[in-house]
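Below is one structure, written out as structure tokens; comments come after it.
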Amino acid sequence: MLRGMATSTFYADDLEAAKDWYREFLGVEPYFTVPGGYYEFRIGDYLAEFGIVNRAYAPGGARNTPGGAIVNWHVDDLQATFDRLLELGAKEYDPITERGEGTGFVTASVVDPFGNVLGLMSNPHYLEVLAKTGPA
């Protein structure tokens with residue numbers, strides 16, 4: 001069964017531009033590199049892996065348009081994070097939306113300049129789990 005997200009993988013035609021864009025947004029350097037093929041960042045409380053792959057290595061049926069599942073990353077300030085992504089050139093995919101009145105679950109998503117959907121979420125459950133387990 002599923003035990004936790006291991007790596008979130010995005011594809012980009014211009015791998016160097018994607019690395020630079022995410023380095024600017026995330027504020028960290030990639031910790032692992034395969035020249036011309038892959039960059040990987042470790043981010044967040046649990047040092048989740050965020051990988052960017054040269055689109056030439058995408059599975060045969062992969063589309064070059066947004067779609068499919070959205071991984072929502074917990075953020076402390078959803079509005080500020082959403083605004084920062086838009087400032088960097090991302091496009092709104094799904095606006096900031098409260099998911100159940102008064103629950104504290106709020107989501108939004110953007111399409112990065114490389115065609116990938118990046119989900120954001122204010123998630124009280126994430127904070128409850130973090131309080132019990134602590135960050136990495």
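Residues are named by chain letter and number: chains run A, B, ... in the order of the structure tokens, numbers start at 1 in each chain, and ligands are numbered from 1 in the order shown.
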Exercise. Near segment 14-29 of chain A, within 7 Å and counting only C-alpha atoms, which residues show up once chain neighbours fewer than 4 positions away are dropped, as a PyMOL selection string?
Worked result: chain A and resi 39+41+53-54+114
For this session: If you run DSSP over the backbone, which residues in chain A end up strand (DSSP E)? Put them as a ChimeraX atom specification.
Result: /A:7-12,32-34,38-43,48-54,72-74,91-98,106-111,117-122
For this session: May I ask which of the residues A:Asp45, A:Tyr57, A:Phe82, A:Val106 is the closest one to Val129 of chain A, counting only C-alpha atoms?
Result: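 Among the listed residues, A:Asp45 lies closest to Val129 of chain A.
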Problem set entry | Neighbour list for Asn123 of chain A as a list in words, cut-off 8 Å, only C-alpha atoms, skip fewer than 4 positions in-chain |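 Skipping anything fewer than 4 positions along the chain leaves His74, Val75, Gly104, Phe105, Val106 and Leu127 of chain A.
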Problem set entry | Leu118 of chain A surroundings by only C-alpha atoms, 9 Å radius, close-in-sequence under 4 positions cut, as JSON, numbers by chain | {"A": [70, 71, 72, 73, 93, 108, 109, 110, 111, 112]}
Given the selection you just returned, output its residues as a file containing all heavy atoms, formatted as a compact mmCIF listing (two decimals), in the first residue's frame.
```txt
# COMPACT_ATOMS: atom_id res chain seq x y z
N ILE A 70 -3.20 16.04 -9.24
CA ILE A 70 -2.50 17.20 -8.70
C ILE A 70 -1.99 16.84 -7.32
O ILE A 70 -2.75 16.41 -6.45
CB ILE A 70 -3.44 18.43 -8.60
CG1 ILE A 70 -3.93 18.83 -9.98
CG2 ILE A 70 -2.72 19.59 -7.91
CD1 ILE A 70 -4.95 19.96 -9.95
N VAL A 71 -0.69 16.99 -7.10
CA VAL A 71 -0.11 16.83 -5.78
C VAL A 71 -0.15 18.20 -5.12
O VAL A 71 0.37 19.17 -5.65
CB VAL A 71 1.35 16.33 -5.86
CG1 VAL A 71 2.00 16.33 -4.49
CG2 VAL A 71 1.40 14.94 -6.49
N ASN A 72 -0.82 18.27 -3.98
CA ASN A 72 -0.92 19.54 -3.24
C ASN A 72 0.15 19.58 -2.16
O ASN A 72 0.18 18.72 -1.28
CB ASN A 72 -2.30 19.69 -2.60
CG ASN A 72 -3.37 19.97 -3.63
OD1 ASN A 72 -3.25 20.88 -4.43
ND2 ASN A 72 -4.42 19.18 -3.61
N TRP A 73 1.01 20.58 -2.22
CA TRP A 73 2.05 20.79 -1.21
C TRP A 73 1.51 21.74 -0.15
O TRP A 73 1.02 22.81 -0.47
CB TRP A 73 3.29 21.40 -1.86
CG TRP A 73 3.96 20.46 -2.81
CD1 TRP A 73 3.65 20.26 -4.13
CD2 TRP A 73 5.05 19.60 -2.53
NE1 TRP A 73 4.49 19.33 -4.67
CE2 TRP A 73 5.37 18.90 -3.72
CE3 TRP A 73 5.80 19.35 -1.38
CZ2 TRP A 73 6.39 17.97 -3.79
CZ3 TRP A 73 6.83 18.43 -1.45
CH2 TRP A 73 7.11 17.75 -2.64
N TYR A 93 -4.16 27.82 -12.50
CA TYR A 93 -4.85 26.63 -13.01
C TYR A 93 -6.18 26.47 -12.28
O TYR A 93 -7.21 26.27 -12.88
CB TYR A 93 -3.97 25.40 -12.82
CG TYR A 93 -4.49 24.14 -13.45
CD1 TYR A 93 -4.54 24.01 -14.84
CD2 TYR A 93 -4.89 23.07 -12.68
CE1 TYR A 93 -5.00 22.85 -15.42
CE2 TYR A 93 -5.35 21.90 -13.26
CZ TYR A 93 -5.41 21.79 -14.62
OH TYR A 93 -5.86 20.63 -15.20
N ALA A 108 -5.18 25.65 -4.15
CA ALA A 108 -4.99 26.42 -5.37
C ALA A 108 -3.96 25.66 -6.19
O ALA A 108 -3.23 24.81 -5.66
CB ALA A 108 -4.50 27.83 -5.07
N SER A 109 -3.89 25.94 -7.47
CA SER A 109 -2.84 25.33 -8.28
C SER A 109 -2.47 26.25 -9.43
O SER A 109 -3.25 27.10 -9.84
CB SER A 109 -3.24 23.95 -8.80
OG SER A 109 -4.42 24.01 -9.56
N VAL A 110 -1.25 26.07 -9.90
CA VAL A 110 -0.73 26.85 -11.01
C VAL A 110 -0.13 25.89 -12.03
O VAL A 110 0.19 24.74 -11.72
CB VAL A 110 0.35 27.86 -10.56
CG1 VAL A 110 -0.22 28.86 -9.56
CG2 VAL A 110 1.58 27.16 -10.00
N VAL A 111 0.05 26.39 -13.24
CA VAL A 111 0.82 25.68 -14.26
C VAL A 111 2.14 26.41 -14.37
O VAL A 111 2.17 27.62 -14.61
CB VAL A 111 0.09 25.67 -15.62
CG1 VAL A 111 0.93 24.98 -16.69
CG2 VAL A 111 -1.27 24.99 -15.49
N ASP A 112 3.23 25.68 -14.14
CA ASP A 112 4.54 26.32 -14.23
C ASP A 112 4.86 26.64 -15.70
O ASP A 112 4.13 26.21 -16.60
CB ASP A 112 5.61 25.45 -13.56
CG ASP A 112 5.99 24.18 -14.30
OD1 ASP A 112 5.65 24.01 -15.50
OD2 ASP A 112 6.65 23.33 -13.69
```
Exercise. Using the chain letters and numbers from this document, which residues of segment 7-99 of chain A does DSSP assign to helix (DSSP H, G or I), as number ranges by chain?
Worked result: A: 15-26, 55-57, 78-87
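Within 7 Å of Ile52 of chain A, once only C-alpha atoms are used and residues closer than 2 positions along the same chain are dropped, the contacting residues are Thr9, Phe10, Tyr11, Ala12, Tyr38, Tyr39, Glu40, Phe50 and Asn54 of chain A.
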Would you output that residue set with N, CA, C and O atoms, as a PDB file, in the first residue's frame?
```
ATOM      1  N   THR A   9       7.605  14.151  -9.645  1.00  0.00           N
ATOM      2  CA  THR A   9       8.395  14.312 -10.862  1.00  0.00           C
ATOM      3  C   THR A   9       7.676  15.208 -11.856  1.00  0.00           C
ATOM      4  O   THR A   9       6.527  14.957 -12.200  1.00  0.00           O
ATOM      5  N   PHE A  10       8.372  16.236 -12.302  1.00  0.00           N
ATOM      6  CA  PHE A  10       7.884  17.137 -13.342  1.00  0.00           C
ATOM      7  C   PHE A  10       8.790  16.991 -14.552  1.00  0.00           C
ATOM      8  O   PHE A  10       9.970  16.672 -14.420  1.00  0.00           O
ATOM      9  N   TYR A  11       8.243  17.269 -15.739  1.00  0.00           N
ATOM     10  CA  TYR A  11       9.018  17.202 -16.983  1.00  0.00           C
ATOM     11  C   TYR A  11       9.181  18.598 -17.564  1.00  0.00           C
ATOM     12  O   TYR A  11       8.331  19.464 -17.382  1.00  0.00           O
ATOM     13  N   ALA A  12      10.282  18.797 -18.286  1.00  0.00           N
ATOM     14  CA  ALA A  12      10.530  20.091 -18.915  1.00  0.00           C
ATOM     15  C   ALA A  12      11.329  19.901 -20.188  1.00  0.00           C
ATOM     16  O   ALA A  12      12.289  19.109 -20.213  1.00  0.00           O
ATOM     17  N   TYR A  38      18.313  15.200 -15.411  1.00  0.00           N
ATOM     18  CA  TYR A  38      17.528  15.190 -14.178  1.00  0.00           C
ATOM     19  C   TYR A  38      18.141  16.100 -13.127  1.00  0.00           C
ATOM     20  O   TYR A  38      19.363  16.132 -12.949  1.00  0.00           O
ATOM     21  N   TYR A  39      17.267  16.814 -12.415  1.00  0.00           N
ATOM     22  CA  TYR A  39      17.647  17.567 -11.223  1.00  0.00           C
ATOM     23  C   TYR A  39      16.679  17.178 -10.121  1.00  0.00           C
ATOM     24  O   TYR A  39      15.482  17.029 -10.361  1.00  0.00           O
ATOM     25  N   GLU A  40      17.208  17.057  -8.905  1.00  0.00           N
ATOM     26  CA  GLU A  40      16.335  16.713  -7.787  1.00  0.00           C
ATOM     27  C   GLU A  40      16.628  17.635  -6.607  1.00  0.00           C
ATOM     28  O   GLU A  40      17.781  17.861  -6.245  1.00  0.00           O
ATOM     29  N   PHE A  50      11.746  16.371  -5.031  1.00  0.00           N
ATOM     30  CA  PHE A  50      11.064  17.070  -6.120  1.00  0.00           C
ATOM     31  C   PHE A  50      11.993  17.003  -7.313  1.00  0.00           C
ATOM     32  O   PHE A  50      13.057  17.628  -7.319  1.00  0.00           O
ATOM     33  N   ASN A  54      14.230  15.809 -17.955  1.00  0.00           N
ATOM     34  CA  ASN A  54      14.200  16.219 -19.358  1.00  0.00           C
ATOM     35  C   ASN A  54      13.013  15.511 -20.009  1.00  0.00           C
ATOM     36  O   ASN A  54      12.882  14.289 -19.926  1.00  0.00           O
TER      37      ASN A  54
END
```
For this session: Work out how far atom CA of Gly36 of chain A is from atom CA of Glu49 of chain A, in Å to one decimal.
Result: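 Distance reported for this atom pair: 18.5 Å.
For the set A:Ala58, A:Val34, A:Leu2, A:Val117, the residue with the smallest atom-to-atom gap to Lys91 of chain A is A:Val117, counting only C-alpha atoms.
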Problem set entry | Option closest in space to Gly115 of chain A, from A:Ser8, A:Thr81, A:Thr133, A:Thr65 [counting only C-alpha atoms] | A:Thr65
For this session: Record the distance separating atom CA of Leu88 of chain A and atom CA of Met5 of chain A, expressed in Å with one decimal.
Result: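 For atom CA of Leu88 of chain A relative to atom CA of Met5 of chain A, the distance reads 25.9 Å.
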Exercise. Quick one, how far is atom CA of Asp83 of chain A from atom CA of Leu120 of chain A?
Worked result: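 Taking atom CA of Asp83 of chain A and atom CA of Leu120 of chain A, their separation equals 11.5 Å.
Distances from A:Gly68, A:Gly119, A:Gly61, A:Pro35 to Ile96 of chain A were compared using only C-alpha atoms, and the smallest one belongs to A:Gly119.
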For this session: Find, counting only C-alpha atoms, the residue in A:Pro113, A:Pro59, A:Gly44, A:Gly4 that gets nearest to Leu86 of chain A.
Result: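 Comparing A:Pro113, A:Pro59, A:Gly44, A:Gly4 against Leu86 of chain A, the winner is A:Pro113.
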